[in-house]
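Next up, start_27.cif (mmCIF, C-alpha atoms):
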```
data_data
#
loop_
_atom_site.label_atom_id
_atom_site.label_comp_id
_atom_site.auth_asym_id
_atom_site.auth_seq_id
_atom_site.Cartn_x
_atom_site.Cartn_y
_atom_site.Cartn_z
CA MET A 1 17.20 17.00 -8.47
CA PHE A 2 16.97 15.47 -5.03
CA ARG A 3 14.13 12.93 -4.88
CA SER A 4 12.18 12.46 -1.63
CA SER A 5 11.87 9.05 -2.50
CA PHE A 6 13.05 7.48 0.24
CA VAL A 7 13.26 10.72 0.01
CA THR A 8 12.21 10.45 -0.44
CA ALA A 9 11.87 8.04 -1.30
CA LEU A 10 10.80 2.74 -3.70
CA ALA A 11 7.93 -2.53 -5.55
CA ALA A 12 10.08 -5.40 -6.47
CA GLY A 13 10.21 -5.82 -10.24
CA ALA A 14 7.63 -8.59 -10.23
CA CYS A 15 5.30 -6.60 -7.96
CA VAL A 16 5.51 -3.55 -10.19
CA ALA A 17 4.67 -5.53 -13.28
CA GLY A 18 1.46 -6.78 -11.71
CA SER A 19 0.71 -3.69 -9.65
CA GLY A 20 -2.57 -1.83 -9.57
CA VAL A 21 -3.46 -2.63 -5.98
CA THR A 22 -4.25 0.64 -4.25
CA GLY A 23 -2.28 1.41 -1.11
CA ALA A 24 -0.30 -1.84 -1.04
CA TYR A 25 1.73 -0.51 1.89
CA ALA A 26 -1.06 1.40 3.67
CA ASN A 27 -0.25 -0.17 7.03
CA PRO A 28 -1.29 1.91 10.08
CA ALA A 29 1.68 0.42 11.95
CA SER A 30 4.16 1.59 9.33
CA GLY A 31 6.00 3.58 12.01
CA LEU A 32 7.23 6.43 9.81
CA ALA A 33 8.19 9.33 12.08
CA PRO A 34 7.02 12.89 11.38
CA HIS A 35 10.16 15.05 11.43
CA ARG A 36 11.98 18.05 10.06
CA ALA A 37 15.56 17.46 8.97
CA VAL A 38 18.11 20.07 7.87
CA TYR A 39 21.14 18.97 5.84
CA ASP A 40 24.27 20.96 5.02
CA LEU A 41 25.37 20.35 1.44
CA GLN A 42 28.91 20.44 0.07
CA LEU A 43 30.52 19.63 -3.25
CA LYS A 44 32.28 16.27 -2.94
CA ASP A 45 33.54 15.89 -6.49
CA ALA A 46 33.10 17.52 -9.90
CA SER A 47 34.42 16.75 -13.37
CA GLU A 48 35.84 19.42 -15.68
CA ARG A 49 32.82 18.95 -17.93
CA SER A 50 30.47 19.99 -15.12
CA GLY A 51 31.74 23.57 -15.22
CA ILE A 52 31.45 23.71 -11.43
CA ALA A 53 34.32 25.18 -9.44
CA GLY A 54 32.50 25.23 -6.11
CA MET A 55 29.09 24.47 -4.65
CA TYR A 56 27.44 24.43 -1.25
CA GLY A 57 23.95 24.78 0.16
CA ARG A 58 21.27 23.53 2.48
CA MET A 59 18.35 21.15 2.21
CA VAL A 60 15.28 21.18 4.47
CA TYR A 61 12.97 18.15 4.44
CA GLU A 62 9.76 18.01 6.47
CA PHE A 63 7.67 14.83 6.63
CA ASN A 64 4.29 14.82 8.35
CA GLY A 65 0.94 13.02 8.52
CA SER A 66 -0.39 9.56 9.24
CA PRO A 67 -1.58 6.43 7.38
CA CYS A 68 -5.19 7.51 8.03
CA ASP A 69 -4.99 11.12 6.83
CA GLY A 70 -2.17 10.83 4.30
CA TYR A 71 1.40 12.11 4.28
CA THR A 72 2.70 15.54 3.36
CA VAL A 73 6.25 16.44 2.42
CA SER A 74 7.70 19.94 2.24
CA PHE A 75 11.13 20.09 0.73
CA ARG A 76 13.54 22.90 -0.12
CA PHE A 77 16.91 22.51 -1.80
CA VAL A 78 19.04 25.67 -2.05
CA THR A 79 22.56 25.76 -3.53
CA GLN A 80 25.08 28.39 -4.48
CA VAL A 81 27.05 27.37 -7.56
CA ASN A 82 30.39 28.89 -8.55
CA THR A 83 31.37 28.27 -12.18
CA GLY A 84 34.65 30.12 -11.90
CA GLU A 85 33.21 32.99 -13.94
CA GLU A 86 29.96 33.64 -12.08
CA THR A 87 27.98 32.59 -9.04
CA ARG A 88 24.31 31.68 -9.18
CA LEU A 89 21.73 30.69 -6.58
CA THR A 90 19.37 27.79 -7.28
CA ASP A 91 16.29 27.15 -5.18
CA GLN A 92 13.95 24.18 -5.61
CA GLN A 93 10.76 24.06 -3.53
CA THR A 94 8.51 20.99 -3.53
CA THR A 95 5.32 20.10 -1.66
CA THR A 96 3.50 16.78 -2.01
CA TYR A 97 0.55 14.97 -0.48
CA GLU A 98 0.16 11.19 -0.67
CA ASP A 99 -2.84 9.15 0.46
CA LEU A 100 -1.87 5.49 0.72
CA LYS A 101 -5.48 4.36 1.27
CA THR A 102 -6.81 5.79 -1.99
CA GLY A 103 -3.58 5.61 -4.00
CA SER A 104 -3.56 9.34 -4.80
CA PHE A 105 -0.69 11.82 -5.02
CA ARG A 106 -0.51 15.62 -5.41
CA PHE A 107 2.68 17.47 -6.28
CA LEU A 108 3.95 21.01 -6.83
CA THR A 109 7.53 21.98 -7.59
CA ARG A 110 8.87 25.46 -8.25
CA SER A 111 12.47 25.99 -9.40
CA PHE A 112 14.21 29.37 -9.12
CA THR A 113 17.55 30.71 -10.33
CA ASP A 114 18.75 33.91 -8.67
CA GLU A 115 15.24 34.32 -7.20
CA LYS A 116 13.57 34.20 -10.65
CA LEU A 117 11.06 31.43 -11.35
CA ASP A 118 12.40 29.07 -14.01
CA LYS A 119 9.82 26.32 -13.92
CA GLU A 120 6.65 25.20 -12.17
CA VAL A 121 5.34 21.62 -12.24
CA ARG A 122 1.92 20.95 -10.73
CA GLY A 123 -0.44 18.00 -10.93
CA THR A 124 -2.18 15.01 -9.40
CA ALA A 125 -1.73 11.29 -9.92
CA ARG A 126 -3.76 8.25 -8.95
CA GLU A 127 -3.28 4.53 -9.06
CA GLU A 128 -5.57 2.71 -11.48
CA LYS A 129 -5.95 -0.97 -12.33
CA THR A 130 -3.98 -0.45 -15.53
CA GLY A 131 -1.29 1.89 -14.18
CA VAL A 132 -0.93 5.48 -12.99
CA SER A 133 -3.06 8.30 -14.39
CA VAL A 134 -1.55 11.80 -14.17
CA ASP A 135 -3.39 15.11 -14.58
CA LEU A 136 -0.98 18.03 -15.09
CA THR A 137 -1.93 21.71 -14.81
CA ALA A 138 1.64 23.09 -15.19
CA PRO A 139 3.87 23.57 -17.12
CA ASP A 140 1.14 22.40 -19.54
CA THR A 141 -2.37 21.09 -19.07
CA LYS A 142 -2.49 17.47 -20.13
CA GLN A 143 -3.31 13.95 -19.00
CA VAL A 144 -0.75 11.15 -19.13
CA GLU A 145 -1.24 7.41 -18.66
CA LEU A 146 1.83 5.67 -17.24
CA ALA A 147 2.84 2.18 -16.19
CA ALA A 148 2.01 0.94 -12.69
CA SER A 149 4.35 2.63 -10.22
CA ARG A 150 4.92 3.39 -6.56
CA PHE A 151 4.62 6.89 -5.12
CA PRO A 152 7.41 8.20 -2.81
CA THR A 153 6.06 7.14 0.60
CA GLU A 154 5.09 3.73 -0.78
CA HIS A 155 8.64 3.46 -2.05
CA MET A 156 10.08 4.31 1.34
CA LEU A 157 7.90 1.75 3.07
CA GLU A 158 8.98 -0.85 0.55
CA VAL A 159 12.68 -0.16 1.10
CA ILE A 160 12.17 -0.63 4.85
CA ASP A 161 10.12 -3.78 4.25
CA HIS A 162 12.86 -5.32 2.06
CA ALA A 163 15.53 -4.27 4.57
CA LYS A 164 13.70 -5.97 7.45
CA LYS A 165 13.41 -9.16 5.39
CA GLY A 166 17.13 -9.10 4.55
CA GLU A 167 16.42 -8.69 0.83
CA ARG A 168 19.47 -6.82 -0.38
CA PHE A 169 18.64 -5.99 -4.01
CA PHE A 170 15.40 -5.15 -5.80
CA GLU A 171 14.01 -3.05 -8.64
CA SER A 172 11.07 -0.63 -8.64
CA ARG A 173 9.24 1.70 -10.94
CA ILE A 174 8.34 4.99 -9.26
CA PHE A 175 6.45 8.18 -9.99
CA ASP A 176 7.39 11.23 -7.89
CA GLY A 177 6.30 14.16 -10.09
CA SER A 178 9.90 15.18 -10.79
CA ASP A 179 11.22 16.82 -13.98
CA SER A 180 8.07 17.64 -16.01
CA GLY A 181 5.82 15.30 -14.05
CA ASP A 182 4.97 13.17 -17.08
CA LYS A 183 7.16 10.09 -16.77
CA THR A 184 8.16 7.28 -14.47
CA LEU A 185 11.63 6.19 -13.41
CA MET A 186 13.07 2.74 -12.90
CA THR A 187 15.19 2.25 -9.80
CA THR A 188 17.55 -0.35 -8.43
CA ALA A 189 18.07 -0.38 -4.68
CA VAL A 190 20.88 -2.04 -2.76
CA VAL A 191 20.36 -2.44 1.00
CA GLY A 192 23.30 -3.33 3.21
CA LYS A 193 23.27 -5.18 6.50
CA LYS A 194 22.14 -3.25 9.55
CA GLU A 195 24.98 -1.35 11.24
CA LYS A 196 25.61 0.44 14.53
CA PRO A 197 26.93 4.03 14.35
CA LYS A 198 30.65 4.37 14.96
CA ALA A 199 31.82 6.28 18.02
CA GLY A 200 32.59 9.92 17.35
CA ASP A 201 30.51 10.15 14.18
CA PRO A 202 29.37 13.83 14.17
CA ASP A 203 26.61 13.10 11.64
CA ALA A 204 25.20 10.41 13.95
CA ASP A 205 25.35 12.75 16.93
CA LYS A 206 22.99 15.15 15.14
CA ALA A 207 20.40 12.37 15.04
CA GLY A 208 19.78 12.89 18.76
CA THR A 209 17.95 9.96 20.34
CA PHE A 210 18.59 7.90 17.22
CA SER A 211 22.36 8.34 17.33
CA LYS A 212 22.88 4.95 18.96
CA GLN A 213 20.30 3.05 16.92
CA ALA A 214 21.23 0.76 14.06
CA PHE A 215 20.62 1.77 10.45
CA TRP A 216 20.75 0.28 6.98
CA PRO A 217 23.16 1.68 4.36
CA VAL A 218 21.05 2.12 1.21
CA SER A 219 21.97 3.02 -2.36
CA VAL A 220 19.37 3.78 -5.04
CA ALA A 221 20.06 4.36 -8.74
CA TYR A 222 17.46 6.06 -10.96
CA TYR A 223 17.13 5.28 -14.69
CA ASN A 224 15.01 6.69 -17.48
CA ASP A 225 12.07 4.33 -17.95
CA THR A 226 12.52 3.49 -21.64
CA SER A 227 11.86 0.32 -23.55
CA ASP A 228 15.52 -0.26 -24.36
CA GLY A 229 16.77 0.79 -20.91
CA ASP A 230 19.75 2.96 -20.02
CA ALA A 231 22.99 1.39 -18.87
CA VAL A 232 23.98 4.58 -17.02
CA PRO A 233 21.74 5.94 -14.25
CA VAL A 234 20.49 9.50 -14.44
CA TYR A 235 21.16 9.91 -10.75
CA ARG A 236 22.36 7.92 -7.74
CA MET A 237 21.72 8.45 -4.07
CA SER A 238 23.11 6.71 -1.00
CA PHE A 239 22.14 7.28 2.62
CA LYS A 240 21.83 5.73 6.05
CA LEU A 241 18.24 4.77 6.80
CA TYR A 242 16.58 4.27 10.18
CA GLU A 243 13.56 2.02 10.56
CA ASN A 244 11.30 5.06 11.13
CA GLY A 245 12.23 6.61 7.76
CA ILE A 246 14.75 9.18 8.99
CA THR A 247 17.90 9.42 6.88
CA ARG A 248 21.37 10.92 7.26
CA ASP A 249 24.83 10.95 5.66
CA LEU A 250 23.58 11.56 2.12
CA THR A 251 25.57 11.28 -1.10
CA MET A 252 23.91 12.58 -4.28
CA ASP A 253 25.67 11.62 -7.50
CA TYR A 254 24.52 13.49 -10.62
CA GLY A 255 27.18 11.99 -12.86
CA GLU A 256 29.34 15.02 -13.52
CA PHE A 257 29.25 16.21 -9.92
CA VAL A 258 28.60 14.73 -6.47
CA LEU A 259 27.11 16.40 -3.38
CA SER A 260 27.31 15.25 0.23
CA GLY A 261 24.58 16.06 2.74
CA LYS A 262 25.32 16.00 6.46
CA LEU A 263 22.54 16.16 9.03
CA ALA A 264 22.73 19.58 10.72
CA LYS A 265 19.51 19.50 12.72
CA LEU A 266 16.72 17.03 13.42
CA GLU A 267 13.39 18.02 14.96
CA MET A 268 10.79 15.37 15.78
CA LEU A 269 7.21 16.47 15.06
CA LYS A 270 4.03 15.38 16.81
CA GLN A 271 2.73 12.02 15.71
CA GLN A 272 -0.81 12.35 14.38
CA ASP A 273 -3.27 9.81 15.74
CA CYS A 274 -5.69 7.98 13.50
CA LYS A 275 -9.28 8.84 14.38
#
```
Can the structure from this file be put into structure tokens for me?
Amino acid sequence: MFRSSFVTALAAGACVAGSGVTGAYANPASGLAPHRAVYDLQLKDASERSGIAGMYGRMVYEFNGSPCDGYTVSFRFVTQVNTGEETRLTDQQTTTYEDLKTGSFRFLTRSFTDEKLDKEVRGTAREEKTGVSVDLTAPDTKQVELAASRFPTEHMLEVIDHAKKGERFFESRIFDGSDSGDKTLMTTAVVGKKEKPKAGDPDADKAGTFSKQAFWPVSVAYYNDTSDGDAVPVYRMSFKLYENGITRDLTMDYGEFVLSGKLAKLEMLKQQDCK
């Protein structure tokens, strides 16, 4: 599953351990740009165990809002998978709302296979002094108390903050409502030195006015948040990150198969003013 962590989608280990401060990164000057990005997806690599002979698709990611009114994300991830014996269409649709001032987060994800609903995950989460409290209404109604974590936009702001400070490696615990919406994930992020796009890079050209701006190469690994820890990440993602939160040149590594995501279209949306 693609995560909007930087998405989309990330606090240092020490900060997470002592977290509980609502909206730690609720800075009106955060500079995250409302935008709609379309990525073309292709299979980069697949092991025999994956059972995947071919795969391609498209991802649409829309980020909107402001520090005052909160941020919304609409995300759709559609792929056609060829197993060699059959072809199936997968469609994941996610919408979230995050208020950095109050430390609250709403999430809804619907997953379809061949246009039939497989799973729906719906709930709300809020930052408390002792951690994150989650109220789920689907797939089951229940309340879960989790360790202190960052929500996706907080995570993105933290990656940018570390990048600006030249801090190349840090760990975070995050909650993004993924899977069944009842657990956190540990992440390790590696941020490279700022780079200028190379001439003739077609992916950079799609970034429009940002095509000549510098970016940070970022890699994030996601691990199950267990007491003993997992040596192997559940999922890895690498991307090029601009200071305003826009990303391109994605690589999504699920272990047994790897997808690449190239920026096909970027539309800047109107910046909402704080009232």
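Near Arg76 of chain A, within 10 Å and counting only C-alpha atoms, sit Phe2, Val38, Arg58, Met59, Val60, Tyr61, Glu62, Asp91, Gln92, Gln93, Thr94, Thr95, Thr109, Arg110 and Ser111 of chain A; same-chain residues fewer than 3 positions away were not included.
On the file presented, the PyMOL selection byres ((chain A and resi 182) around 8) picks out Val134, Leu136, Val144, Gly177, Asp179, Ser180, Gly181, Lys183 and Thr184 of chain A.
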Q | Phe112 of chain A environment, 10 Å, only C-alpha atoms, sequence neighbours closer than 2 positions dropped, as an NGL selection string | A | :A and (78 or 89-93 or 110 or 114-120)
Selection from above, C-alpha atoms, as a PDB file, in the coordinates of the input, can you write it?
```
ATOM      1  CA  VAL A  78      19.040  25.670  -2.050  1.00  0.00           C
ATOM      2  CA  LEU A  89      21.730  30.690  -6.580  1.00  0.00           C
ATOM      3  CA  THR A  90      19.370  27.790  -7.280  1.00  0.00           C
ATOM      4  CA  ASP A  91      16.290  27.150  -5.180  1.00  0.00           C
ATOM      5  CA  GLN A  92      13.950  24.180  -5.610  1.00  0.00           C
ATOM      6  CA  GLN A  93      10.760  24.060  -3.530  1.00  0.00           C
ATOM      7  CA  ARG A 110       8.870  25.460  -8.250  1.00  0.00           C
ATOM      8  CA  ASP A 114      18.750  33.910  -8.670  1.00  0.00           C
ATOM      9  CA  GLU A 115      15.240  34.320  -7.200  1.00  0.00           C
ATOM     10  CA  LYS A 116      13.570  34.200 -10.650  1.00  0.00           C
ATOM     11  CA  LEU A 117      11.060  31.430 -11.350  1.00  0.00           C
ATOM     12  CA  ASP A 118      12.400  29.070 -14.010  1.00  0.00           C
ATOM     13  CA  LYS A 119       9.820  26.320 -13.920  1.00  0.00           C
ATOM     14  CA  GLU A 120       6.650  25.200 -12.170  1.00  0.00           C
TER      15      GLU A 120
END
```
Q.
Using all atoms listed in the file, which protein or nucleic acid residues come within 8 Å of segment 199-215 of chain A? Drop anything in the same chain fewer than 3 positions from it, and give the result as a ChimeraX atom specification.
A. /A:194-196,240-243,248-249,262-266
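The set of residues that the PyMOL selection byres ((chain A and resi 142) around 12) takes from this file is Val121, Arg122, Gly123, Thr124, Ala125, Ser133, Val134, Asp135, Leu136, Thr137, Ala138, Pro139, Asp140, Thr141, Gln143, Val144, Glu145, Ser180, Gly181 and Asp182 of chain A.
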Q) Do you know which residues lie at most 8 Å from (22.3, 22.9, 0.3), with coordinates as in the file and all atoms listed in the file counted, and could you write them as a VMD selection string? A) chain A and resid 39 to 42 56 to 59 77 to 80 261
Q: Determine, counting all atoms listed in the file, every residue of protein, DNA or RNA that lies within 6 Å of (0.5, 3.4, -9.2) in the file coordinates, then give the result as number ranges by chain.
A: A: 127, 131-132, 148-150
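Counting only C-alpha atoms and comparing A:Val258, A:Met237, A:Ala33, A:Cys68, the residue that lies closest to Thr102 of chain A is A:Cys68.
Between atom CA of Met156 of chain A and atom CA of Gly103 of chain A lies a distance of 14.7 Å.
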Using 8 Å of padding on each side, determine the axis-aligned box around all atoms of segment 34-45 of chain A present in the file and give its centre and edge lengths in Å to one decimal, as lines of an AutoDock Vina configuration file.
```
center_x = 20.3
center_y = 16.9
center_z = 2.5
size_x = 42.5
size_y = 24.1
size_z = 33.9
```
Q. Could you pull the residues within 7 Å of segment 231-235 of chain A, counting only C-alpha atoms, minus those fewer than 3 positions along the same chain, as a ChimeraX atom specification?
A. /A:221-224,253-255
Using only C-alpha atoms, please write the residues we just selected to a file, as a PDB file, keeping the file's coordinate frame.
```pdb
ATOM      1  CA  ALA A 221      20.060   4.360  -8.740  1.00  0.00           C
ATOM      2  CA  TYR A 222      17.460   6.060 -10.960  1.00  0.00           C
ATOM      3  CA  TYR A 223      17.130   5.280 -14.690  1.00  0.00           C
ATOM      4  CA  ASN A 224      15.010   6.690 -17.480  1.00  0.00           C
ATOM      5  CA  ASP A 253      25.670  11.620  -7.500  1.00  0.00           C
ATOM      6  CA  TYR A 254      24.520  13.490 -10.620  1.00  0.00           C
ATOM      7  CA  GLY A 255      27.180  11.990 -12.860  1.00  0.00           C
TER       8      GLY A 255
END
```
**Q.** Atom pair atom CA of Val191 of chain A / atom CA of Asp176 of chain A: separation (Å)
**A.** 20.8 Å
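In this model, the gap between atom CA of Phe175 of chain A and atom CA of Pro152 of chain A comes to 7.2 Å.
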Q: Go through A:Thr188, A:Thr83, A:Ala46, A:Pro34 and flag the residue nearest Gly70 of chain A, using only C-alpha atoms for the distances.
A: A:Pro34
(Q) as a VMD selection string, please: the residues near Gly54 of chain A (cut-off 7 Å, all atoms listed in the file, same-chain neighbours under 4 positions excluded). (A) chain A and resid 43 81 to 83
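Residue nearest Lys101 of chain A, chosen from A:Pro197, A:Pro67, A:Gly166, A:Gly84 and counting all atoms listed in the file: A:Pro67.
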